Amino acid sequence: MTDEKSDPVPDANVEASFADHMWGQGDTTVHLKTDAAGLFHASGHGLSVIIGVSKEGYYRLQQSEGAFTYAKESGQIDLHPDPSAPAIFMLRKMGKSASLIALRHNYSIAKNGTPVGVDLKTGNLTQAGQGGIEVEAWTNDQGRAVNSNQPYDWRVCIEVPGGGLVQRAGSFDFEAPSDGYAESDEIDMPASAGQQWRSQASKSYFLKLANGTYARLEFRMVAGGDHFSE
């Protein structure tokens, strides 16, 4: 087992569950630890084995677990009997944490483009242009029954007056970039989007506020029903 830099992870927790009983009832599960080289050996019998790894101070990834089959009836056979060519599992080491202000709120948003200002430090509503962020939405759902899922045109604009925002690249993208910010971003959902149309959408951003501080925003707009953002 390795971390995201391919360095071995010793003394990690390993759970191996062998499919050795009918319908999965009472399957044998063993708990192991990796050695100084990040290696472990799980021995048992059954149609397959499911393995998951974990360790305090590390994030679990998709590569932190795996299923290995030893009978055609259970799927494609995936053997790893050679210690020189082991199955590789991965964890991601956590970095240094920092004290943050965390807020979560729902805000009612008008459907006609009237801006709603939010102070990200307090979560309170503010007048447009007084810092923080501004949210504007335009939703044309007249004549549509609530929860009918009949498509309609809607869009929402998130703006940082005097600052900017940039979309986060991934869930482990923790540090705000120094540049690349735009003053606003828009989610556009036309009725013509077909099967891609949704009554809600989400985006994750880094923000650079007008006062020079940085923030992270998990934004979700729900255009159907009560019409709100969070």
# chains A, B, ... in the order shown; residues from 1 in each chain; ligands from 1
call {"tool": "closest_atom_pairs", "arguments": {"of": "region 121-230 of chain A", "to": "region 102-107 of chain A", "cutoff": "6 Å", "atoms": "only C-alpha atoms", "output": "Markdown table"}}
result
| residue | atom | partner | partner_atom | distance |
| --- | --- | --- | --- | --- |
| A:Phe228 | CA | A:Tyr107 | CA | 5.4 |
| A:Ser229 | CA | A:Tyr107 | CA | 5.3 |
| A:Glu230 | CA | A:Asn106 | CA | 4.4 |
call {"tool": "residues_around", "arguments": {"residues": "region 61-65 of chain A", "least_positions_apart": "3", "cutoff": "8 Å", "atoms": "only C-alpha atoms", "output": "PyMOL selection string"}}
result
chain A and resi 50-54+88-92
call {"tool": "write_last_selection", "arguments": {"atoms": "all heavy atoms", "output": "PDB file, in the first residue's frame"}}
result
ATOM      1  N   ILE A  50     -13.035  -9.134  -0.708  1.00  0.00           N
ATOM      2  CA  ILE A  50     -13.150  -7.670  -0.759  1.00  0.00           C
ATOM      3  C   ILE A  50     -12.202  -7.095   0.278  1.00  0.00           C
ATOM      4  O   ILE A  50     -12.229  -7.498   1.447  1.00  0.00           O
ATOM      5  CB  ILE A  50     -14.594  -7.217  -0.478  1.00  0.00           C
ATOM      6  CG1 ILE A  50     -15.536  -7.768  -1.547  1.00  0.00           C
ATOM      7  CG2 ILE A  50     -14.684  -5.691  -0.433  1.00  0.00           C
ATOM      8  CD1 ILE A  50     -16.999  -7.473  -1.288  1.00  0.00           C
ATOM      9  N   ILE A  51     -11.361  -6.172  -0.142  1.00  0.00           N
ATOM     10  CA  ILE A  51     -10.330  -5.613   0.728  1.00  0.00           C
ATOM     11  C   ILE A  51     -10.478  -4.097   0.797  1.00  0.00           C
ATOM     12  O   ILE A  51     -10.705  -3.436  -0.215  1.00  0.00           O
ATOM     13  CB  ILE A  51      -8.916  -5.977   0.229  1.00  0.00           C
ATOM     14  CG1 ILE A  51      -8.727  -7.496   0.309  1.00  0.00           C
ATOM     15  CG2 ILE A  51      -7.840  -5.255   1.036  1.00  0.00           C
ATOM     16  CD1 ILE A  51      -7.403  -7.987  -0.222  1.00  0.00           C
ATOM     17  N   GLY A  52     -10.381  -3.558   2.003  1.00  0.00           N
ATOM     18  CA  GLY A  52     -10.378  -2.118   2.211  1.00  0.00           C
ATOM     19  C   GLY A  52      -9.266  -1.728   3.155  1.00  0.00           C
ATOM     20  O   GLY A  52      -8.930  -2.481   4.073  1.00  0.00           O
ATOM     21  N   VAL A  53      -8.652  -0.573   2.930  1.00  0.00           N
ATOM     22  CA  VAL A  53      -7.537  -0.116   3.758  1.00  0.00           C
ATOM     23  C   VAL A  53      -7.848   1.266   4.316  1.00  0.00           C
ATOM     24  O   VAL A  53      -8.596   2.049   3.718  1.00  0.00           O
ATOM     25  CB  VAL A  53      -6.215  -0.080   2.956  1.00  0.00           C
ATOM     26  CG1 VAL A  53      -5.851  -1.484   2.473  1.00  0.00           C
ATOM     27  CG2 VAL A  53      -6.322   0.873   1.766  1.00  0.00           C
ATOM     28  N   SER A  54      -7.272   1.575   5.470  1.00  0.00           N
ATOM     29  CA  SER A  54      -7.487   2.872   6.106  1.00  0.00           C
ATOM     30  C   SER A  54      -6.365   3.134   7.103  1.00  0.00           C
ATOM     31  O   SER A  54      -5.674   2.206   7.547  1.00  0.00           O
ATOM     32  CB  SER A  54      -8.844   2.919   6.823  1.00  0.00           C
ATOM     33  OG  SER A  54      -8.886   1.959   7.868  1.00  0.00           O
ATOM     34  N   ILE A  88      -2.151  -2.997  -5.748  1.00  0.00           N
ATOM     35  CA  ILE A  88      -1.755  -1.729  -5.124  1.00  0.00           C
ATOM     36  C   ILE A  88      -2.994  -1.006  -4.598  1.00  0.00           C
ATOM     37  O   ILE A  88      -3.954  -0.771  -5.327  1.00  0.00           O
ATOM     38  CB  ILE A  88      -1.011  -0.821  -6.126  1.00  0.00           C
ATOM     39  CG1 ILE A  88       0.208  -1.539  -6.705  1.00  0.00           C
ATOM     40  CG2 ILE A  88      -0.597   0.483  -5.445  1.00  0.00           C
ATOM     41  CD1 ILE A  88       1.254  -1.912  -5.679  1.00  0.00           C
ATOM     42  N   PHE A  89      -2.950  -0.657  -3.322  1.00  0.00           N
ATOM     43  CA  PHE A  89      -3.974   0.178  -2.698  1.00  0.00           C
ATOM     44  C   PHE A  89      -3.350   1.526  -2.361  1.00  0.00           C
ATOM     45  O   PHE A  89      -2.127   1.626  -2.169  1.00  0.00           O
ATOM     46  CB  PHE A  89      -4.521  -0.480  -1.437  1.00  0.00           C
ATOM     47  CG  PHE A  89      -5.234  -1.768  -1.689  1.00  0.00           C
ATOM     48  CD1 PHE A  89      -4.543  -2.969  -1.752  1.00  0.00           C
ATOM     49  CD2 PHE A  89      -6.601  -1.782  -1.884  1.00  0.00           C
ATOM     50  CE1 PHE A  89      -5.196  -4.156  -1.994  1.00  0.00           C
ATOM     51  CE2 PHE A  89      -7.272  -2.969  -2.132  1.00  0.00           C
ATOM     52  CZ  PHE A  89      -6.568  -4.158  -2.189  1.00  0.00           C
ATOM     53  N   MET A  90      -4.179   2.553  -2.273  1.00  0.00           N
ATOM     54  CA  MET A  90      -3.644   3.897  -2.067  1.00  0.00           C
ATOM     55  C   MET A  90      -4.474   4.678  -1.052  1.00  0.00           C
ATOM     56  O   MET A  90      -5.712   4.580  -1.031  1.00  0.00           O
ATOM     57  CB  MET A  90      -3.599   4.670  -3.388  1.00  0.00           C
ATOM     58  CG  MET A  90      -2.932   6.038  -3.285  1.00  0.00           C
ATOM     59  SD  MET A  90      -2.997   6.949  -4.859  1.00  0.00           S
ATOM     60  CE  MET A  90      -2.037   5.867  -5.915  1.00  0.00           C
ATOM     61  N   LEU A  91      -3.804   5.441  -0.210  1.00  0.00           N
ATOM     62  CA  LEU A  91      -4.405   6.423   0.687  1.00  0.00           C
ATOM     63  C   LEU A  91      -3.767   7.775   0.400  1.00  0.00           C
ATOM     64  O   LEU A  91      -2.661   7.841  -0.144  1.00  0.00           O
ATOM     65  CB  LEU A  91      -4.174   6.041   2.146  1.00  0.00           C
ATOM     66  CG  LEU A  91      -4.811   4.739   2.633  1.00  0.00           C
ATOM     67  CD1 LEU A  91      -4.276   4.369   4.012  1.00  0.00           C
ATOM     68  CD2 LEU A  91      -6.334   4.864   2.683  1.00  0.00           C
ATOM     69  N   ARG A  92      -4.443   8.841   0.775  1.00  0.00           N
ATOM     70  CA  ARG A  92      -3.897  10.190   0.577  1.00  0.00           C
ATOM     71  C   ARG A  92      -3.633  10.822   1.933  1.00  0.00           C
ATOM     72  O   ARG A  92      -4.541  10.915   2.767  1.00  0.00           O
ATOM     73  CB  ARG A  92      -4.858  11.067  -0.222  1.00  0.00           C
ATOM     74  CG  ARG A  92      -4.295  12.462  -0.521  1.00  0.00           C
ATOM     75  CD  ARG A  92      -5.306  13.322  -1.244  1.00  0.00           C
ATOM     76  NE  ARG A  92      -4.778  14.640  -1.514  1.00  0.00           N
ATOM     77  CZ  ARG A  92      -4.185  14.998  -2.637  1.00  0.00           C
ATOM     78  NH1 ARG A  92      -4.059  14.121  -3.625  1.00  0.00           N
ATOM     79  NH2 ARG A  92      -3.728  16.235  -2.805  1.00  0.00           N
TER      80      ARG A  92
END
call {"tool": "residues_around", "arguments": {"residues": "Val160 (chain A)", "least_positions_apart": "2", "cutoff": "8 Å", "atoms": "only C-alpha atoms", "output": "ChimeraX atom specification"}}
result
/A:131-134,158,162-165,183-184,207-210
call {"tool": "closest_residue", "arguments": {"among": "A:Gln127, A:Ser48, A:Gln150, A:Thr139", "to": "Pro115 (chain A)", "atoms": "only C-alpha atoms"}}
result
A:Gln127
call {"tool": "select_by_dssp", "arguments": {"residues": "region 107-200 of chain A", "states": "strand (DSSP E or B)", "output": "ChimeraX atom specification"}}
result
/A:107-108,112,116-118,125-126,133-140,153-159,164-167,182,184-189,200
call {"tool": "residues_around", "arguments": {"residues": "Lys33 (chain A)", "least_positions_apart": "6", "cutoff": "7 Å", "atoms": "only C-alpha atoms", "output": "list in words"}}
result
Asp11, Ala12, Asn13, Val14 and Phe40 of chain A
call {"tool": "atom_distance", "arguments": {"atom1": "CA of Met22 (chain A)", "atom2": "CA of Tyr70 (chain A)"}}
result
15.4 Å
call {"tool": "residues_around", "arguments": {"residues": "Asp185 (chain A)", "least_positions_apart": "5", "cutoff": "9 Å", "atoms": "only C-alpha atoms", "output": "VMD selection string"}}
result
chain A and resid 156 to 159 165 to 167
call {"tool": "write_last_selection", "arguments": {"atoms": "all heavy atoms", "output": "compact mmCIF listing (two decimals), in the first residue's frame"}}
result
# COMPACT_ATOMS: atom_id res chain seq x y z
N VAL A 156 -28.61 30.88 -13.09
CA VAL A 156 -28.23 31.58 -11.87
C VAL A 156 -26.82 32.12 -12.04
O VAL A 156 -25.96 31.48 -12.66
CB VAL A 156 -28.34 30.66 -10.63
CG1 VAL A 156 -27.43 29.45 -10.77
CG2 VAL A 156 -28.02 31.41 -9.35
N CYS A 157 -26.59 33.31 -11.52
CA CYS A 157 -25.28 33.95 -11.59
C CYS A 157 -24.76 34.18 -10.17
O CYS A 157 -25.48 34.70 -9.31
CB CYS A 157 -25.39 35.29 -12.32
SG CYS A 157 -23.82 36.20 -12.45
N ILE A 158 -23.52 33.77 -9.91
CA ILE A 158 -22.85 33.99 -8.63
C ILE A 158 -21.75 35.01 -8.87
O ILE A 158 -20.88 34.80 -9.72
CB ILE A 158 -22.25 32.69 -8.06
CG1 ILE A 158 -23.29 31.58 -8.02
CG2 ILE A 158 -21.70 32.95 -6.67
CD1 ILE A 158 -23.19 30.63 -9.20
N GLU A 159 -21.78 36.10 -8.13
CA GLU A 159 -20.84 37.20 -8.36
C GLU A 159 -20.12 37.55 -7.05
O GLU A 159 -20.71 37.48 -5.97
CB GLU A 159 -21.60 38.42 -8.89
CG GLU A 159 -20.71 39.60 -9.26
CD GLU A 159 -21.50 40.75 -9.86
OE1 GLU A 159 -22.72 40.57 -10.11
OE2 GLU A 159 -20.91 41.82 -10.07
N LEU A 165 -14.04 34.57 -8.35
CA LEU A 165 -14.20 33.17 -8.00
C LEU A 165 -13.62 32.30 -9.10
O LEU A 165 -13.54 32.71 -10.27
CB LEU A 165 -15.66 32.83 -7.72
CG LEU A 165 -16.66 32.74 -8.87
CD1 LEU A 165 -17.99 32.17 -8.36
CD2 LEU A 165 -16.93 34.09 -9.53
N VAL A 166 -13.20 31.10 -8.72
CA VAL A 166 -12.67 30.13 -9.67
C VAL A 166 -13.14 28.76 -9.23
O VAL A 166 -13.20 28.46 -8.03
CB VAL A 166 -11.13 30.19 -9.74
CG1 VAL A 166 -10.48 29.89 -8.40
CG2 VAL A 166 -10.59 29.26 -10.81
N GLN A 167 -13.53 27.92 -10.17
CA GLN A 167 -14.06 26.61 -9.82
C GLN A 167 -12.95 25.71 -9.31
O GLN A 167 -11.83 25.71 -9.83
CB GLN A 167 -14.73 25.97 -11.04
CG GLN A 167 -15.60 24.77 -10.70
CD GLN A 167 -16.50 24.38 -11.85
OE1 GLN A 167 -16.60 25.08 -12.85
NE2 GLN A 167 -17.17 23.25 -11.71
call {"tool": "closest_residue", "arguments": {"among": "A:Ser148, A:Ser99, A:Ser171, A:Ser204", "to": "Tyr59 (chain A)", "atoms": "only C-alpha atoms"}}
result
A:Ser171
call {"tool": "select_by_dssp", "arguments": {"residues": "region 28-101 of chain A", "states": "helix (DSSP H, G or I)", "output": "list in words"}}
result
Gln62, Gln63, Ser64, Lys72, Glu73 and Ser74 of chain A
call {"tool": "residues_around", "arguments": {"residues": "His80 (chain A)", "least_positions_apart": "4", "cutoff": "12 Å", "atoms": "only C-alpha atoms", "output": "number ranges by chain"}}
result
A: 41-43, 49, 67-70, 84-88
call {"tool": "write_last_selection", "arguments": {"atoms": "N, CA, C and O atoms", "output": "short mmCIF file (atom, residue, chain, number, x, y, z; two decimals), in the first residue's frame"}}
result
data_model
loop_
_atom_site.label_atom_id
_atom_site.label_comp_id
_atom_site.auth_asym_id
_atom_site.auth_seq_id
_atom_site.Cartn_x
_atom_site.Cartn_y
_atom_site.Cartn_z
N HIS A 41 -0.43 -9.57 3.61
CA HIS A 41 -0.81 -10.81 2.96
C HIS A 41 -2.09 -11.32 3.60
O HIS A 41 -2.16 -11.49 4.82
N ALA A 42 -3.12 -11.53 2.79
CA ALA A 42 -4.40 -12.02 3.27
C ALA A 42 -4.62 -13.43 2.73
O ALA A 42 -4.50 -13.65 1.52
N SER A 43 -4.91 -14.36 3.60
CA SER A 43 -5.08 -15.75 3.20
C SER A 43 -6.45 -16.24 3.61
O SER A 43 -6.89 -16.03 4.75
N VAL A 49 -12.73 -12.03 -2.67
CA VAL A 49 -12.35 -11.34 -1.44
C VAL A 49 -12.48 -9.84 -1.68
O VAL A 49 -12.11 -9.33 -2.74
N ALA A 67 -12.11 -5.42 -5.06
CA ALA A 67 -12.71 -6.75 -5.01
C ALA A 67 -11.97 -7.65 -5.99
O ALA A 67 -11.71 -7.26 -7.14
N PHE A 68 -11.60 -8.85 -5.53
CA PHE A 68 -10.80 -9.76 -6.33
C PHE A 68 -11.52 -11.10 -6.42
O PHE A 68 -11.90 -11.69 -5.40
N THR A 69 -11.73 -11.58 -7.64
CA THR A 69 -12.55 -12.75 -7.90
C THR A 69 -11.68 -13.95 -8.23
O THR A 69 -10.69 -13.83 -8.96
N TYR A 70 -12.09 -15.12 -7.73
CA TYR A 70 -11.32 -16.35 -7.94
C TYR A 70 -12.16 -17.45 -8.58
O TYR A 70 -11.72 -18.59 -8.66
N SER A 84 5.89 -10.19 -5.86
CA SER A 84 6.65 -9.19 -6.62
C SER A 84 5.74 -8.34 -7.53
O SER A 84 6.19 -7.36 -8.11
N ALA A 85 4.48 -8.75 -7.67
CA ALA A 85 3.52 -7.99 -8.46
C ALA A 85 2.20 -7.89 -7.70
O ALA A 85 1.19 -8.43 -8.11
N PRO A 86 2.21 -7.21 -6.56
CA PRO A 86 1.02 -7.18 -5.69
C PRO A 86 -0.05 -6.23 -6.22
O PRO A 86 0.20 -5.38 -7.07
N ALA A 87 -1.27 -6.41 -5.69
CA ALA A 87 -2.32 -5.41 -5.92
C ALA A 87 -1.94 -4.15 -5.14
O ALA A 87 -1.44 -4.23 -4.02
N ILE A 88 -2.15 -3.00 -5.75
CA ILE A 88 -1.75 -1.73 -5.12
C ILE A 88 -2.99 -1.01 -4.60
O ILE A 88 -3.95 -0.77 -5.33
#
call {"tool": "decode", "arguments": {"residues": "region 66-106 of chain A", "atoms": "N, CA and C atoms", "output": "PDB file, in the first residue's frame"}}
result
ATOM      1  N   GLY A  66     -10.879  -2.721  -2.993  1.00  0.00           N
ATOM      2  CA  GLY A  66     -10.928  -3.498  -4.225  1.00  0.00           C
ATOM      3  C   GLY A  66     -11.567  -4.847  -3.991  1.00  0.00           C
ATOM      4  N   ALA A  67     -12.110  -5.423  -5.058  1.00  0.00           N
ATOM      5  CA  ALA A  67     -12.714  -6.755  -5.012  1.00  0.00           C
ATOM      6  C   ALA A  67     -11.966  -7.655  -5.986  1.00  0.00           C
ATOM      7  N   PHE A  68     -11.604  -8.848  -5.534  1.00  0.00           N
ATOM      8  CA  PHE A  68     -10.803  -9.765  -6.330  1.00  0.00           C
ATOM      9  C   PHE A  68     -11.524 -11.102  -6.415  1.00  0.00           C
ATOM     10  N   THR A  69     -11.733 -11.576  -7.640  1.00  0.00           N
ATOM     11  CA  THR A  69     -12.554 -12.754  -7.900  1.00  0.00           C
ATOM     12  C   THR A  69     -11.679 -13.950  -8.234  1.00  0.00           C
ATOM     13  N   TYR A  70     -12.087 -15.121  -7.725  1.00  0.00           N
ATOM     14  CA  TYR A  70     -11.322 -16.349  -7.940  1.00  0.00           C
ATOM     15  C   TYR A  70     -12.160 -17.445  -8.576  1.00  0.00           C
ATOM     16  N   ALA A  71     -13.374 -17.126  -9.025  1.00  0.00           N
ATOM     17  CA  ALA A  71     -14.226 -18.099  -9.697  1.00  0.00           C
ATOM     18  C   ALA A  71     -14.983 -17.395 -10.813  1.00  0.00           C
ATOM     19  N   LYS A  72     -15.088 -18.049 -11.971  1.00  0.00           N
ATOM     20  CA  LYS A  72     -15.734 -17.432 -13.119  1.00  0.00           C
ATOM     21  C   LYS A  72     -17.186 -17.064 -12.826  1.00  0.00           C
ATOM     22  N   GLU A  73     -17.816 -17.847 -11.940  1.00  0.00           N
ATOM     23  CA  GLU A  73     -19.213 -17.577 -11.614  1.00  0.00           C
ATOM     24  C   GLU A  73     -19.403 -16.216 -10.956  1.00  0.00           C
ATOM     25  N   SER A  74     -18.324 -15.655 -10.382  1.00  0.00           N
ATOM     26  CA  SER A  74     -18.418 -14.373  -9.674  1.00  0.00           C
ATOM     27  C   SER A  74     -17.919 -13.201 -10.500  1.00  0.00           C
ATOM     28  N   GLY A  75     -17.526 -13.470 -11.746  1.00  0.00           N
ATOM     29  CA  GLY A  75     -17.042 -12.394 -12.591  1.00  0.00           C
ATOM     30  C   GLY A  75     -15.653 -12.671 -13.134  1.00  0.00           C
ATOM     31  N   GLN A  76     -15.035 -11.627 -13.660  1.00  0.00           N
ATOM     32  CA  GLN A  76     -13.699 -11.771 -14.249  1.00  0.00           C
ATOM     33  C   GLN A  76     -12.671 -12.098 -13.163  1.00  0.00           C
ATOM     34  N   ILE A  77     -11.894 -13.134 -13.396  1.00  0.00           N
ATOM     35  CA  ILE A  77     -10.903 -13.573 -12.414  1.00  0.00           C
ATOM     36  C   ILE A  77      -9.764 -12.559 -12.337  1.00  0.00           C
ATOM     37  N   ASP A  78      -9.396 -12.201 -11.120  1.00  0.00           N
ATOM     38  CA  ASP A  78      -8.344 -11.203 -10.881  1.00  0.00           C
ATOM     39  C   ASP A  78      -7.430 -11.734  -9.782  1.00  0.00           C
ATOM     40  N   LEU A  79      -6.362 -12.401 -10.175  1.00  0.00           N
ATOM     41  CA  LEU A  79      -5.461 -13.034  -9.213  1.00  0.00           C
ATOM     42  C   LEU A  79      -4.243 -12.150  -8.947  1.00  0.00           C
ATOM     43  N   HIS A  80      -3.743 -12.228  -7.712  1.00  0.00           N
ATOM     44  CA  HIS A  80      -2.510 -11.536  -7.354  1.00  0.00           C
ATOM     45  C   HIS A  80      -1.683 -12.441  -6.435  1.00  0.00           C
ATOM     46  N   PRO A  81      -1.223 -13.579  -6.960  1.00  0.00           N
ATOM     47  CA  PRO A  81      -0.500 -14.525  -6.101  1.00  0.00           C
ATOM     48  C   PRO A  81       0.985 -14.231  -5.957  1.00  0.00           C
ATOM     49  N   ASP A  82       1.516 -13.326  -6.792  1.00  0.00           N
ATOM     50  CA  ASP A  82       2.958 -13.080  -6.826  1.00  0.00           C
ATOM     51  C   ASP A  82       3.316 -11.873  -5.957  1.00  0.00           C
ATOM     52  N   PRO A  83       4.095 -12.051  -4.877  1.00  0.00           N
ATOM     53  CA  PRO A  83       4.479 -10.917  -4.016  1.00  0.00           C
ATOM     54  C   PRO A  83       5.255  -9.829  -4.756  1.00  0.00           C
ATOM     55  N   SER A  84       5.894 -10.188  -5.865  1.00  0.00           N
ATOM     56  CA  SER A  84       6.652  -9.186  -6.623  1.00  0.00           C
ATOM     57  C   SER A  84       5.744  -8.345  -7.530  1.00  0.00           C
ATOM     58  N   ALA A  85       4.483  -8.748  -7.667  1.00  0.00           N
ATOM     59  CA  ALA A  85       3.518  -7.987  -8.465  1.00  0.00           C
ATOM     60  C   ALA A  85       2.205  -7.893  -7.697  1.00  0.00           C
ATOM     61  N   PRO A  86       2.213  -7.208  -6.559  1.00  0.00           N
ATOM     62  CA  PRO A  86       1.023  -7.176  -5.693  1.00  0.00           C
ATOM     63  C   PRO A  86      -0.051  -6.232  -6.221  1.00  0.00           C
ATOM     64  N   ALA A  87      -1.268  -6.406  -5.693  1.00  0.00           N
ATOM     65  CA  ALA A  87      -2.316  -5.414  -5.915  1.00  0.00           C
ATOM     66  C   ALA A  87      -1.940  -4.151  -5.141  1.00  0.00           C
ATOM     67  N   ILE A  88      -2.151  -2.997  -5.748  1.00  0.00           N
ATOM     68  CA  ILE A  88      -1.755  -1.729  -5.124  1.00  0.00           C
ATOM     69  C   ILE A  88      -2.994  -1.006  -4.598  1.00  0.00           C
ATOM     70  N   PHE A  89      -2.950  -0.657  -3.322  1.00  0.00           N
ATOM     71  CA  PHE A  89      -3.974   0.178  -2.698  1.00  0.00           C
ATOM     72  C   PHE A  89      -3.350   1.526  -2.361  1.00  0.00           C
ATOM     73  N   MET A  90      -4.179   2.553  -2.273  1.00  0.00           N
ATOM     74  CA  MET A  90      -3.644   3.897  -2.067  1.00  0.00           C
ATOM     75  C   MET A  90      -4.474   4.678  -1.052  1.00  0.00           C
ATOM     76  N   LEU A  91      -3.804   5.441  -0.210  1.00  0.00           N
ATOM     77  CA  LEU A  91      -4.405   6.423   0.687  1.00  0.00           C
ATOM     78  C   LEU A  91      -3.767   7.775   0.400  1.00  0.00           C
ATOM     79  N   ARG A  92      -4.443   8.841   0.775  1.00  0.00           N
ATOM     80  CA  ARG A  92      -3.897  10.190   0.577  1.00  0.00           C
ATOM     81  C   ARG A  92      -3.633  10.822   1.933  1.00  0.00           C
ATOM     82  N   LYS A  93      -2.401  11.247   2.147  1.00  0.00           N
ATOM     83  CA  LYS A  93      -2.022  11.818   3.434  1.00  0.00           C
ATOM     84  C   LYS A  93      -2.652  13.191   3.621  1.00  0.00           C
ATOM     85  N   MET A  94      -3.194  13.425   4.818  1.00  0.00           N
ATOM     86  CA  MET A  94      -3.791  14.715   5.127  1.00  0.00           C
ATOM     87  C   MET A  94      -2.701  15.755   5.361  1.00  0.00           C
ATOM     88  N   GLY A  95      -2.948  16.979   4.921  1.00  0.00           N
ATOM     89  CA  GLY A  95      -2.020  18.067   5.161  1.00  0.00           C
ATOM     90  C   GLY A  95      -2.310  18.752   6.488  1.00  0.00           C
ATOM     91  N   LYS A  96      -1.617  19.857   6.730  1.00  0.00           N
ATOM     92  CA  LYS A  96      -1.835  20.620   7.953  1.00  0.00           C
ATOM     93  C   LYS A  96      -3.182  21.327   7.878  1.00  0.00           C
ATOM     94  N   SER A  97      -3.926  21.273   8.951  1.00  0.00           N
ATOM     95  CA  SER A  97      -5.235  21.913   8.981  1.00  0.00           C
ATOM     96  C   SER A  97      -5.111  23.362   9.452  1.00  0.00           C
ATOM     97  N   ALA A  98      -6.098  24.151   9.108  1.00  0.00           N
ATOM     98  CA  ALA A  98      -6.140  25.557   9.515  1.00  0.00           C
ATOM     99  C   ALA A  98      -7.526  25.854  10.075  1.00  0.00           C
ATOM    100  N   SER A  99      -7.588  26.813  10.998  1.00  0.00           N
ATOM    101  CA  SER A  99      -8.867  27.209  11.585  1.00  0.00           C
ATOM    102  C   SER A  99      -9.694  27.960  10.551  1.00  0.00           C
ATOM    103  N   LEU A 100     -10.939  27.550  10.379  1.00  0.00           N
ATOM    104  CA  LEU A 100     -11.803  28.158   9.378  1.00  0.00           C
ATOM    105  C   LEU A 100     -13.157  28.507   9.995  1.00  0.00           C
ATOM    106  N   ILE A 101     -13.815  29.485   9.396  1.00  0.00           N
ATOM    107  CA  ILE A 101     -15.204  29.791   9.731  1.00  0.00           C
ATOM    108  C   ILE A 101     -16.075  28.990   8.777  1.00  0.00           C
ATOM    109  N   ALA A 102     -16.933  28.150   9.299  1.00  0.00           N
ATOM    110  CA  ALA A 102     -17.782  27.312   8.450  1.00  0.00           C
ATOM    111  C   ALA A 102     -19.250  27.679   8.668  1.00  0.00           C
ATOM    112  N   LEU A 103     -19.960  27.933   7.579  1.00  0.00           N
ATOM    113  CA  LEU A 103     -21.368  28.301   7.639  1.00  0.00           C
ATOM    114  C   LEU A 103     -22.154  27.500   6.608  1.00  0.00           C
ATOM    115  N   ARG A 104     -23.405  27.219   6.931  1.00  0.00           N
ATOM    116  CA  ARG A 104     -24.297  26.607   5.959  1.00  0.00           C
ATOM    117  C   ARG A 104     -25.678  27.204   6.125  1.00  0.00           C
ATOM    118  N   HIS A 105     -26.194  27.783   5.045  1.00  0.00           N
ATOM    119  CA  HIS A 105     -27.501  28.435   5.094  1.00  0.00           C
ATOM    120  C   HIS A 105     -28.255  28.189   3.793  1.00  0.00           C
ATOM    121  N   ASN A 106     -29.577  28.287   3.874  1.00  0.00           N
ATOM    122  CA  ASN A 106     -30.441  28.321   2.704  1.00  0.00           C
ATOM    123  C   ASN A 106     -30.949  29.744   2.521  1.00  0.00           C
TER     124      ASN A 106
END
